[in-house]
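What's in run-v4.txt: compact mmCIF, C-alpha atoms and all ligand atoms
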# COMPACT_ATOMS: atom_id res chain seq x y z
CA MET A 61 6.52 14.08 -20.95
CA TYR A 62 4.24 15.74 -18.33
CA PRO A 63 2.58 14.86 -16.03
CA LEU A 64 5.56 13.08 -14.56
CA ILE A 65 6.38 11.42 -11.25
CA ASP A 66 9.97 11.72 -10.08
CA ILE A 67 10.76 8.67 -7.95
CA LYS A 68 13.63 8.99 -5.48
CA LEU A 69 14.98 5.46 -5.06
CA ASP A 70 17.50 6.42 -2.37
CA GLY A 71 14.73 7.67 -0.12
CA ILE A 72 12.69 4.50 -0.60
CA ILE A 73 15.70 2.31 0.20
CA SER A 74 16.52 4.47 3.23
CA ASN A 75 12.97 4.06 4.62
CA LEU A 76 13.12 0.34 3.92
CA GLU A 77 16.40 -0.07 5.75
CA GLU A 78 15.17 1.94 8.70
CA LEU A 79 11.97 -0.13 9.06
CA LYS A 80 13.65 -3.45 8.31
CA ASN A 81 16.35 -2.81 10.91
CA GLU A 82 13.78 -1.98 13.55
CA CYS A 83 11.90 -5.19 12.69
CA SER A 84 15.01 -7.36 12.75
CA LYS A 85 15.99 -6.02 16.22
CA GLN A 86 12.71 -7.59 17.39
CA ASN A 87 13.02 -10.78 15.30
CA ILE A 88 10.21 -9.68 13.03
CA SER A 89 10.52 -10.55 9.34
CA PHE A 90 9.69 -7.89 6.79
CA SER A 91 7.40 -8.24 3.78
CA LEU A 92 7.50 -5.46 1.20
CA VAL A 93 4.12 -4.57 -0.30
CA THR A 94 4.84 -3.84 -3.97
CA LYS A 95 1.46 -2.70 -5.29
CA MET A 96 2.74 0.90 -5.49
CA LEU A 97 5.35 -0.26 -8.02
CA VAL A 98 2.50 -1.23 -10.41
CA GLY A 99 4.22 -4.20 -11.97
CA TYR A 100 7.41 -2.32 -12.90
CA LYS A 101 9.88 -5.18 -12.61
CA PRO A 102 13.24 -3.34 -12.90
CA LEU A 103 12.24 -1.22 -9.91
CA VAL A 104 11.17 -4.22 -7.83
CA ASP A 105 14.33 -6.10 -8.81
CA TYR A 106 16.50 -3.16 -7.76
CA ILE A 107 14.74 -2.67 -4.43
CA VAL A 108 14.71 -6.39 -3.56
CA LYS A 109 18.46 -6.63 -4.23
CA HIS A 110 19.54 -3.37 -2.61
CA ALA A 111 17.43 -3.69 0.51
CA ASP A 112 17.81 -7.45 0.77
CA ILE A 113 14.08 -8.19 0.75
CA GLY A 114 13.02 -11.80 1.29
CA ILE A 115 9.25 -11.51 0.81
CA ILE A 116 7.24 -9.36 -1.61
CA CYS A 117 3.47 -8.96 -1.37
CA ASP A 118 1.02 -7.68 -3.92
CA SER A 119 -2.74 -7.41 -4.12
CA ARG A 120 -2.79 -8.20 -7.87
CA ILE A 121 -1.73 -11.55 -9.22
CA LYS A 122 -0.89 -9.89 -12.56
CA ASN A 123 1.91 -8.01 -10.80
CA LEU A 124 3.26 -11.17 -9.14
CA HIS A 125 3.24 -12.81 -12.58
CA VAL A 126 5.49 -10.00 -13.84
CA TYR A 127 7.79 -10.52 -10.84
CA SER A 128 8.02 -14.30 -11.48
CA ASP A 129 11.80 -14.38 -11.63
CA VAL A 130 12.42 -11.84 -8.86
CA GLU A 131 14.22 -13.76 -6.16
CA ALA A 132 11.82 -13.40 -3.26
CA GLU A 133 8.96 -15.33 -1.72
CA LYS A 134 5.68 -13.99 -3.16
CA TRP A 135 2.43 -13.47 -1.29
CA LEU A 136 -0.90 -12.43 -2.76
CA ILE A 137 -2.37 -10.19 -0.06
CA ARG A 138 -5.91 -9.88 -1.40
CA SER A 139 -8.04 -13.00 -1.08
CA PRO A 140 -7.97 -14.70 -4.51
CA MET A 141 -10.98 -14.66 -6.83
CA ILE A 142 -12.05 -18.24 -7.55
CA SER A 143 -11.73 -17.34 -11.25
CA GLU A 144 -7.99 -16.63 -10.83
CA VAL A 145 -6.85 -19.57 -8.69
CA ALA A 146 -4.81 -21.08 -11.55
CA ASP A 147 -2.64 -17.97 -11.72
CA VAL A 148 -2.53 -17.68 -7.94
CA VAL A 149 -1.11 -21.19 -7.59
CA ARG A 150 1.24 -20.59 -10.52
CA TYR A 151 2.62 -17.17 -9.57
CA SER A 152 2.42 -16.88 -5.79
CA ASP A 153 3.88 -18.99 -3.01
CA ALA A 154 1.24 -18.00 -0.49
CA SER A 155 -2.03 -16.10 -0.39
CA ILE A 156 -4.09 -14.39 2.29
CA ASN A 157 -7.47 -16.10 2.63
CA SER A 158 -10.74 -15.76 4.49
CA GLU A 159 -13.16 -18.02 2.51
CA LEU A 160 -13.21 -21.81 2.65
CA SER A 161 -14.67 -22.09 -0.88
CA VAL A 162 -11.65 -20.22 -2.25
CA ILE A 163 -9.22 -22.41 -0.29
CA ARG A 164 -10.95 -25.54 -1.64
CA ALA A 165 -10.53 -24.17 -5.18
CA LEU A 166 -6.84 -23.40 -4.47
CA ASN A 167 -6.33 -26.95 -3.22
CA MET A 168 -7.93 -28.48 -6.34
CA GLU A 169 -5.83 -26.26 -8.57
CA ALA A 170 -2.66 -27.04 -6.62
CA ILE A 171 -3.41 -30.75 -7.14
CA ASN A 172 -3.79 -30.08 -10.90
CA GLN A 173 -0.47 -28.24 -11.00
CA ASN A 174 1.21 -30.74 -8.70
CA LYS A 175 2.26 -27.94 -6.36
CA LYS A 176 1.80 -26.94 -2.72
CA HIS A 177 0.17 -23.59 -2.00
CA ARG A 178 0.50 -21.82 1.34
CA ILE A 179 -2.44 -20.18 3.07
CA ILE A 180 -2.23 -17.23 5.45
CA LEU A 181 -5.55 -16.84 7.25
CA MET A 182 -6.88 -13.36 7.90
CA ALA A 183 -8.31 -12.71 11.36
CA GLU A 184 -11.02 -10.04 11.73
CA LEU A 185 -9.95 -7.56 14.41
CA GLY A 186 -12.48 -4.82 13.83
CA ASP A 187 -11.54 -3.03 10.62
CA LEU A 188 -14.43 -4.94 8.98
CA ARG A 189 -12.76 -5.63 5.65
CA ASP A 190 -11.57 -9.19 5.00
CA GLY A 191 -11.13 -11.61 7.88
CA CYS A 192 -12.75 -14.33 10.02
CA TYR A 193 -13.61 -14.59 13.68
CA ILE A 194 -12.00 -17.38 15.70
CA ASP A 195 -14.70 -20.06 15.22
CA GLU A 196 -14.54 -19.76 11.45
CA LEU A 197 -10.72 -19.76 11.55
CA ALA A 198 -10.90 -23.03 13.50
CA ASP A 199 -13.35 -24.54 10.97
CA ILE A 200 -11.09 -23.55 8.08
CA ILE A 201 -7.96 -24.98 9.73
CA SER A 202 -9.81 -28.23 10.46
CA GLU A 203 -10.75 -28.65 6.82
CA CYS A 204 -7.30 -27.55 5.58
CA GLU A 205 -5.82 -30.41 7.59
CA THR A 206 -7.71 -32.78 5.29
CA MET A 207 -6.47 -31.10 2.10
CA THR A 208 -3.42 -32.50 0.36
CA ASN A 209 -2.01 -29.50 -1.49
CA VAL A 210 -2.54 -26.48 0.73
CA GLU A 211 -0.60 -25.79 3.89
CA VAL A 212 -1.74 -23.42 6.63
CA TYR A 213 1.36 -21.25 6.68
CA GLY A 214 0.26 -18.51 9.01
CA ILE A 215 -2.23 -16.04 10.32
CA CYS A 216 -2.46 -12.32 9.83
CA ALA A 217 -4.39 -9.24 10.81
CA ASN A 218 -5.08 -5.99 9.04
CA LEU A 219 -6.29 -2.72 10.51
CA SER A 220 -6.54 0.91 9.33
CA CYS A 221 -7.44 0.13 5.71
CA VAL A 222 -11.18 0.71 5.52
CA ASN A 223 -11.92 2.24 8.89
CA ASP A 224 -9.56 4.26 11.04
CA THR A 225 -9.08 1.37 13.49
CA PHE A 226 -5.51 1.59 14.73
CA PRO A 227 -3.32 -1.19 16.15
CA ASP A 228 -3.18 -0.86 19.94
CA GLU A 229 -2.35 -3.08 22.88
CA ASP A 230 -5.97 -4.30 23.10
CA ASN A 231 -6.44 -5.46 19.51
CA MET A 232 -2.86 -6.76 19.18
CA ASN A 233 -3.24 -8.80 22.38
CA GLU A 234 -6.58 -10.04 21.05
CA PHE A 235 -4.77 -11.14 17.87
CA ILE A 236 -2.12 -13.04 19.84
CA ASP A 237 -4.86 -14.55 21.99
CA ILE A 238 -6.52 -15.93 18.83
CA VAL A 239 -3.14 -17.25 17.63
CA THR A 240 -2.42 -18.94 20.97
CA LYS A 241 -5.87 -20.56 21.22
CA LEU A 242 -5.69 -21.95 17.68
CA GLU A 243 -2.12 -23.22 18.12
CA LYS A 244 -3.11 -24.95 21.34
CA HIS A 245 -6.29 -26.44 19.89
CA PHE A 246 -4.58 -27.79 16.76
CA LYS A 247 -1.25 -28.60 18.48
CA MET A 248 0.60 -26.69 15.81
CA LYS A 249 2.68 -23.54 15.38
CA PHE A 250 1.96 -20.90 12.70
CA LYS A 251 5.17 -20.15 10.81
CA ILE A 252 3.91 -16.66 10.00
CA VAL A 253 2.17 -14.42 12.52
CA SER A 254 1.79 -11.15 10.62
CA ALA A 255 0.27 -8.40 12.75
CA GLY A 256 -0.36 -5.83 10.09
CA ALA A 257 0.87 -3.03 7.94
CA SER A 258 2.41 0.45 8.25
CA SER A 259 -0.10 1.44 10.92
CA CYS A 260 1.84 -0.91 13.24
CA ILE A 261 4.94 1.35 13.00
CA PRO A 262 4.28 3.26 16.27
CA MET A 263 3.85 -0.01 18.20
CA LEU A 264 6.96 -1.39 16.52
CA TYR A 265 9.08 1.59 17.64
CA SER A 266 7.65 1.65 21.15
CA GLY A 267 8.39 -2.07 21.52
CA LYS A 268 4.73 -2.72 22.29
CA LEU A 269 3.97 -5.33 19.64
CA PRO A 270 3.17 -8.45 21.64
CA GLU A 271 5.53 -11.38 21.70
CA GLY A 272 4.50 -13.90 19.05
CA VAL A 273 4.25 -11.37 16.22
CA ASN A 274 6.95 -12.40 13.75
CA ASN A 275 6.11 -10.53 10.53
CA LEU A 276 4.93 -7.13 9.26
CA ARG A 277 3.82 -6.24 5.71
CA MET A 278 4.51 -2.65 4.72
CA GLY A 279 3.82 -0.33 1.82
CA GLU A 280 2.90 3.25 2.75
CA GLY A 281 5.63 3.60 5.38
CA VAL A 282 8.25 2.51 2.85
CA TYR A 283 7.17 4.70 -0.05
CA LEU A 284 5.91 7.82 1.72
CA GLY A 285 7.60 7.55 5.13
CA ASN A 286 4.12 7.98 6.55
CA VAL A 287 2.18 6.29 9.33
CA PRO A 288 -1.39 5.93 8.04
CA VAL A 289 -4.36 7.28 10.00
CA ILE A 290 -2.23 9.57 12.21
CA ASN A 291 -0.45 10.84 9.08
CA GLU A 292 2.90 11.49 10.68
CA PRO A 293 6.36 10.46 9.51
CA PHE A 294 8.24 7.83 11.53
CA ASN A 295 11.84 8.26 12.82
CA ASN A 296 14.24 9.36 10.06
CA ALA A 297 11.56 8.91 7.39
CA VAL A 298 12.05 10.33 3.90
CA THR A 299 8.65 11.70 2.86
CA ASP A 300 9.21 13.22 -0.59
CA ASN A 301 10.10 10.11 -2.58
CA PHE A 302 7.41 10.75 -5.19
CA VAL A 303 7.04 14.23 -6.68
CA LEU A 304 4.36 14.79 -9.32
CA LYS A 305 5.09 17.53 -11.88
CA ALA A 306 2.22 18.88 -13.98
CA GLU A 307 2.36 21.53 -16.70
CA ILE A 308 0.42 24.80 -16.65
CA ILE A 309 -1.86 25.09 -19.71
CA GLU A 310 -3.79 28.20 -18.69
CA LEU A 311 -2.96 31.00 -16.24
CA LYS A 312 -5.49 33.77 -15.72
CA LYS A 313 -6.88 36.12 -13.11
CA LYS A 314 -10.48 35.20 -12.39
CA PRO A 315 -12.98 35.91 -9.61
CA SER A 316 -12.62 33.80 -6.49
CA VAL A 317 -16.25 32.66 -6.63
CA PRO A 318 -18.08 31.16 -9.60
CA GLY A 319 -20.84 32.99 -11.50
CA VAL A 320 -19.48 36.48 -10.72
CA LYS A 321 -19.18 39.11 -13.49
CA PRO A 322 -15.49 39.65 -14.23
CA ASP A 323 -15.16 43.34 -13.31
CA GLU A 324 -11.85 44.85 -12.22
CA THR A 325 -12.40 44.35 -8.48
CA SER A 326 -13.50 40.73 -8.70
CA LEU A 327 -10.39 39.56 -10.64
CA LYS A 328 -8.49 38.56 -7.53
CA THR A 329 -7.34 35.01 -7.97
CA ASN A 330 -4.47 33.97 -10.17
CA ARG A 331 -5.58 30.51 -11.28
CA ALA A 332 -3.22 28.05 -12.92
CA LEU A 333 -4.79 25.12 -14.74
CA VAL A 334 -2.48 22.12 -15.01
CA ALA A 335 -2.86 19.21 -17.42
CA LEU A 336 -3.76 16.54 -14.89
CA GLY A 337 -7.15 15.40 -13.69
CA LYS A 338 -9.31 13.03 -11.69
CA GLN A 339 -8.51 10.39 -14.33
CA ASP A 340 -4.97 10.39 -12.97
CA ILE A 341 -5.15 11.38 -9.34
CA PHE A 342 -7.30 11.49 -6.21
CA LEU A 343 -7.87 15.25 -5.95
CA PRO A 344 -8.16 15.53 -2.11
CA GLY A 345 -4.79 13.74 -1.81
CA LEU A 346 -2.87 16.29 -3.88
CA LYS A 347 -0.80 19.02 -2.18
CA CYS A 348 1.38 21.74 -3.75
CA ILE A 349 5.02 21.73 -2.64
CA ASP A 350 5.03 25.52 -2.96
CA LYS A 351 3.40 26.30 0.39
CA LYS A 352 1.91 29.52 -0.98
CA CYS A 353 -0.10 27.67 -3.64
CA THR A 354 -3.32 25.71 -3.03
CA VAL A 355 -5.24 23.13 -5.03
CA ILE A 356 -8.72 24.66 -5.28
CA GLY A 357 -10.53 22.31 -7.61
CA GLY A 358 -10.43 20.05 -10.58
CA SER A 359 -12.27 18.04 -13.19
CA SER A 360 -11.44 14.81 -14.98
CA ASP A 361 -8.66 16.49 -17.00
CA HIS A 362 -7.80 19.68 -15.11
CA VAL A 363 -6.46 20.61 -11.71
CA ILE A 364 -6.85 24.25 -10.67
CA VAL A 365 -4.18 25.78 -8.45
CA ASP A 366 -4.43 29.16 -6.76
CA VAL A 367 -0.97 30.71 -7.30
CA THR A 368 -1.95 34.27 -6.28
CA ASP A 369 0.25 34.41 -3.17
CA SER A 370 3.25 32.54 -4.54
CA ASP A 371 6.67 34.22 -4.56
CA ARG A 372 7.30 32.62 -7.94
CA GLU A 373 6.05 34.15 -11.19
CA TYR A 374 4.45 31.17 -12.88
CA ALA A 375 3.90 31.13 -16.67
CA VAL A 376 2.09 28.86 -19.10
CA GLY A 377 4.47 25.98 -19.85
CA ASP A 378 5.97 25.96 -16.33
CA THR A 379 5.39 22.97 -14.09
CA ILE A 380 3.90 22.88 -10.60
CA ASP A 381 5.21 20.25 -8.17
CA PHE A 382 2.92 18.22 -5.92
CA LEU A 383 3.19 15.70 -3.10
CA MET A 384 0.52 13.01 -2.89
CA ASN A 385 -1.08 10.91 -0.20
CA TYR A 386 -1.04 7.12 -0.63
CA THR A 387 -4.35 6.85 -2.53
CA CYS A 388 -3.46 9.72 -4.83
CA LEU A 389 -0.02 8.28 -5.51
CA LEU A 390 -1.45 4.83 -6.23
CA ASN A 391 -3.84 6.36 -8.77
CA ALA A 392 -1.08 8.41 -10.38
CA MET A 393 1.30 5.43 -10.55
CA ASN A 394 -1.45 3.42 -12.27
CA SER A 395 -2.37 6.15 -14.76
CA LYS A 396 -1.03 5.45 -18.23
CA TYR A 397 -1.08 9.21 -18.84
CA VAL A 398 1.48 9.88 -16.10
CA SER A 399 5.17 9.26 -16.94
CA LYS A 400 7.57 7.93 -14.31
CA ARG A 401 11.22 8.88 -13.92
CA ILE A 402 13.55 7.17 -11.50
CA ILE A 403 16.15 9.38 -9.84
C1 LIG B 501 -3.48 -7.19 3.48
C2 LIG B 501 -2.61 -5.99 3.40
N1 LIG B 501 -1.41 -6.02 4.02
C3 LIG B 501 -0.58 -4.98 3.98
C4 LIG B 501 -0.91 -3.81 3.28
C5 LIG B 501 0.05 -2.66 3.29
O1 LIG B 501 -0.50 -1.57 3.97
P1 LIG B 501 0.36 -0.24 4.18
O2 LIG B 501 0.56 0.35 2.82
O3 LIG B 501 -0.50 0.61 5.05
O4 LIG B 501 1.64 -0.62 4.82
C6 LIG B 501 -2.15 -3.75 2.64
C7 LIG B 501 -2.55 -2.58 1.85
O5 LIG B 501 -1.90 -2.26 0.88
C8 LIG B 501 -3.02 -4.85 2.69
O6 LIG B 501 -4.22 -4.83 2.10
Please rewrite the model in this file as structure tokens.
Ligand SMILES: Cc1ncc(COP(=O)(O)O)c(C=O)c1O
Amino acid sequence: MYPLIDIKLDGIISNLEELKNECSKQNISFSLVTKMLVGYKPLVDYIVKHADIGIICDSRIKNLHVYSDVEAEKWLIRSPMISEVADVVRYSDASINSELSVIRALNMEAINQNKKHRIILMAELGDLRDGCYIDELADIISECETMTNVEVYGICANLSCVNDTFPDEDNMNEFIDIVTKLEKHFKMKFKIVSAGASSCIPMLYSGKLPEGVNNLRMGEGVYLGNVPVINEPFNNAVTDNFVLKAEIIELKKKPSVPGVKPDETSLKTNRALVALGKQDIFLPGLKCIDKKCTVIGGSSDHVIVDVTDSDREYAVGDTIDFLMNYTCLLNAMNSKYVSKRII
């Protein structure tokens, strides 16, 4: 049974409604990033229905395959591998792209499947992950205009994922400048102008997203109520939607530094070992809910918690509760050794 993640659906829906409402006040459509839900269809189905979600996005085509009959438009938000284009055309309506060779392969495959596939082009704004500068975007659009089975559906940007670049008036205006120049040059209008992810939340609330932005794609804000990079909750955010419970398998007083002889005076730290490890979680992203306990280390199968100052008398067999940052949660959700329970 343990380790176990308790998932509070009400809190996730509440965050979704809060963010979606703020977007709709500004005529911005909302795309829910589902990768945290690791292909668990009943959960996605429930959320899509209860929060009235029109677009779901995932970085893994395997997950979108699982969500095939979920009633929402589906976007693949990691540029497809050429080796997976058949599944991309089959299971997604649109994909984010930054390489012409991949788009050519998508077009060929869409011809084979007698389908249309939509392309959302990624603009590079300085985070230095995926994305093209304006000249390459123009070259890609030119060639897409000659392709029969792909449609340039939109343009997007992504910050704060690899580096701590944060959306601000400068880079958002630069994004809209790119959009405007391309629309003018090609005498067309992008249906989707997607400015980014949860790191756009502060600009959304301050009303500073430039006119022209008509979509946001969000994951972390929805699940953890958190604004990445600054690591602060947004207005009315619920931040404890995922609680990880791990069981104590050893509890002993040991010295606080390694390699010390265990005499009476050195036995100061009450160390609880829980059955959870780096196989399941990202150790630096794990935080005890009991504020008087601290994660002090771990190995692939153990996490060590200092419980010396806690008001609670822990015992072997008890569980310790943790909150996780986004990376840690993503690892834990994907670990087959961690059970999930929906509350
Ligand atoms: C392209 C893209 N869009 C949106 C997101 C969602 O980001 P966040 O979880 O910060 O909202 C991600 C990351 O998951 C992404 O890679």
Which chains and residue numbers are within 6 Å of ligand LIG 501 (chain B), counting all atoms listed in the file, if I want them as a list of chain:residue names?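 Here is the list of contacting residues: A:Val93, A:Ile137, A:Asn218, A:Ala257, A:Ser258, A:Ser259, A:Arg277, A:Met278, A:Gly279, A:Glu280, A:Gly281.
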Export of the given selection (C-alpha atoms) as a CSV table (one decimal), in the frame of the given file:
chain,number,residue,atom,x,y,z
A,93,VAL,CA,4.1,-4.6,-0.3
A,137,ILE,CA,-2.4,-10.2,-0.1
A,218,ASN,CA,-5.1,-6.0,9.0
A,257,ALA,CA,0.9,-3.0,7.9
A,258,SER,CA,2.4,0.4,8.2
A,259,SER,CA,-0.1,1.4,10.9
A,277,ARG,CA,3.8,-6.2,5.7
A,278,MET,CA,4.5,-2.6,4.7
A,279,GLY,CA,3.8,-0.3,1.8
A,280,GLU,CA,2.9,3.2,2.8
A,281,GLY,CA,5.6,3.6,5.4
Residues around (-8.2, -25.4, -3.3), cut-off 10 Å, counting all atoms listed in the file - what are they as a ChimeraX atom specification? /A:142,145-146,149,160-172,177,204,207-210
Limited to C-alpha atoms, could you put the picked residues into a file as a CSV table (one decimal), keeping the file's coordinate frame?
chain,number,residue,atom,x,y,z
A,142,ILE,CA,-12.0,-18.2,-7.6
A,145,VAL,CA,-6.8,-19.6,-8.7
A,146,ALA,CA,-4.8,-21.1,-11.6
A,149,VAL,CA,-1.1,-21.2,-7.6
A,160,LEU,CA,-13.2,-21.8,2.6
A,161,SER,CA,-14.7,-22.1,-0.9
A,162,VAL,CA,-11.6,-20.2,-2.2
A,163,ILE,CA,-9.2,-22.4,-0.3
A,164,ARG,CA,-11.0,-25.5,-1.6
A,165,ALA,CA,-10.5,-24.2,-5.2
A,166,LEU,CA,-6.8,-23.4,-4.5
A,167,ASN,CA,-6.3,-27.0,-3.2
A,168,MET,CA,-7.9,-28.5,-6.3
A,169,GLU,CA,-5.8,-26.3,-8.6
A,170,ALA,CA,-2.7,-27.0,-6.6
A,171,ILE,CA,-3.4,-30.8,-7.1
A,172,ASN,CA,-3.8,-30.1,-10.9
A,177,HIS,CA,0.2,-23.6,-2.0
A,204,CYS,CA,-7.3,-27.6,5.6
A,207,MET,CA,-6.5,-31.1,2.1
A,208,THR,CA,-3.4,-32.5,0.4
A,209,ASN,CA,-2.0,-29.5,-1.5
A,210,VAL,CA,-2.5,-26.5,0.7
Find the spatial neighbours of Ile180 in chain A, counting all atoms listed in the file, within a cut-off of 6 Å - ignore same-chain residues fewer than 5 positions away - and output them as a PDB file with C-alpha atoms, keeping the file's coordinate frame.
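Contents of the output file out-v2.pdb:
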ATOM      1  CA  SER A 155      -2.030 -16.100  -0.390  1.00  0.00           C
ATOM      2  CA  ILE A 156      -4.090 -14.390   2.290  1.00  0.00           C
ATOM      3  CA  TYR A 213       1.360 -21.250   6.680  1.00  0.00           C
ATOM      4  CA  GLY A 214       0.260 -18.510   9.010  1.00  0.00           C
ATOM      5  CA  ILE A 215      -2.230 -16.040  10.320  1.00  0.00           C
TER       6      ILE A 215
END
As a check of understanding: the span from CA of Tyr283 in chain A to CA of Gly71 in chain A is 8.1 Å
Would you please work out which residue, of A:Asp199, A:Ile402, A:Ser74, A:Ile252, is nearest to Trp135 in chain A when using all atoms listed in the file? A:Ile252
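Here CA of Ile380 in chain A is placed at a distance of 17.9 Å from CA of Ser360 in chain A.
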Hey, can you check how far CA of Ile364 in chain A sits from CA of Ile67 in chain A?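 Separation of CA of Ile364 in chain A and CA of Ile67 in chain A: 23.7 Å.
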Using all atoms listed in the file, can you tell me which of A:Gln173, A:Ser128, A:Asn275, A:Asn223 comes closest to Asp105 in chain A?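 Ranking A:Gln173, A:Ser128, A:Asn275, A:Asn223 by distance to Asp105 in chain A, first place goes to A:Ser128.
Of the residues under consideration (A:Lys80, A:Arg150, A:Lys338, A:Arg372), A:Arg372 shows the shortest atom-to-atom contact distance to Lys352 in chain A when counting only C-alpha atoms.
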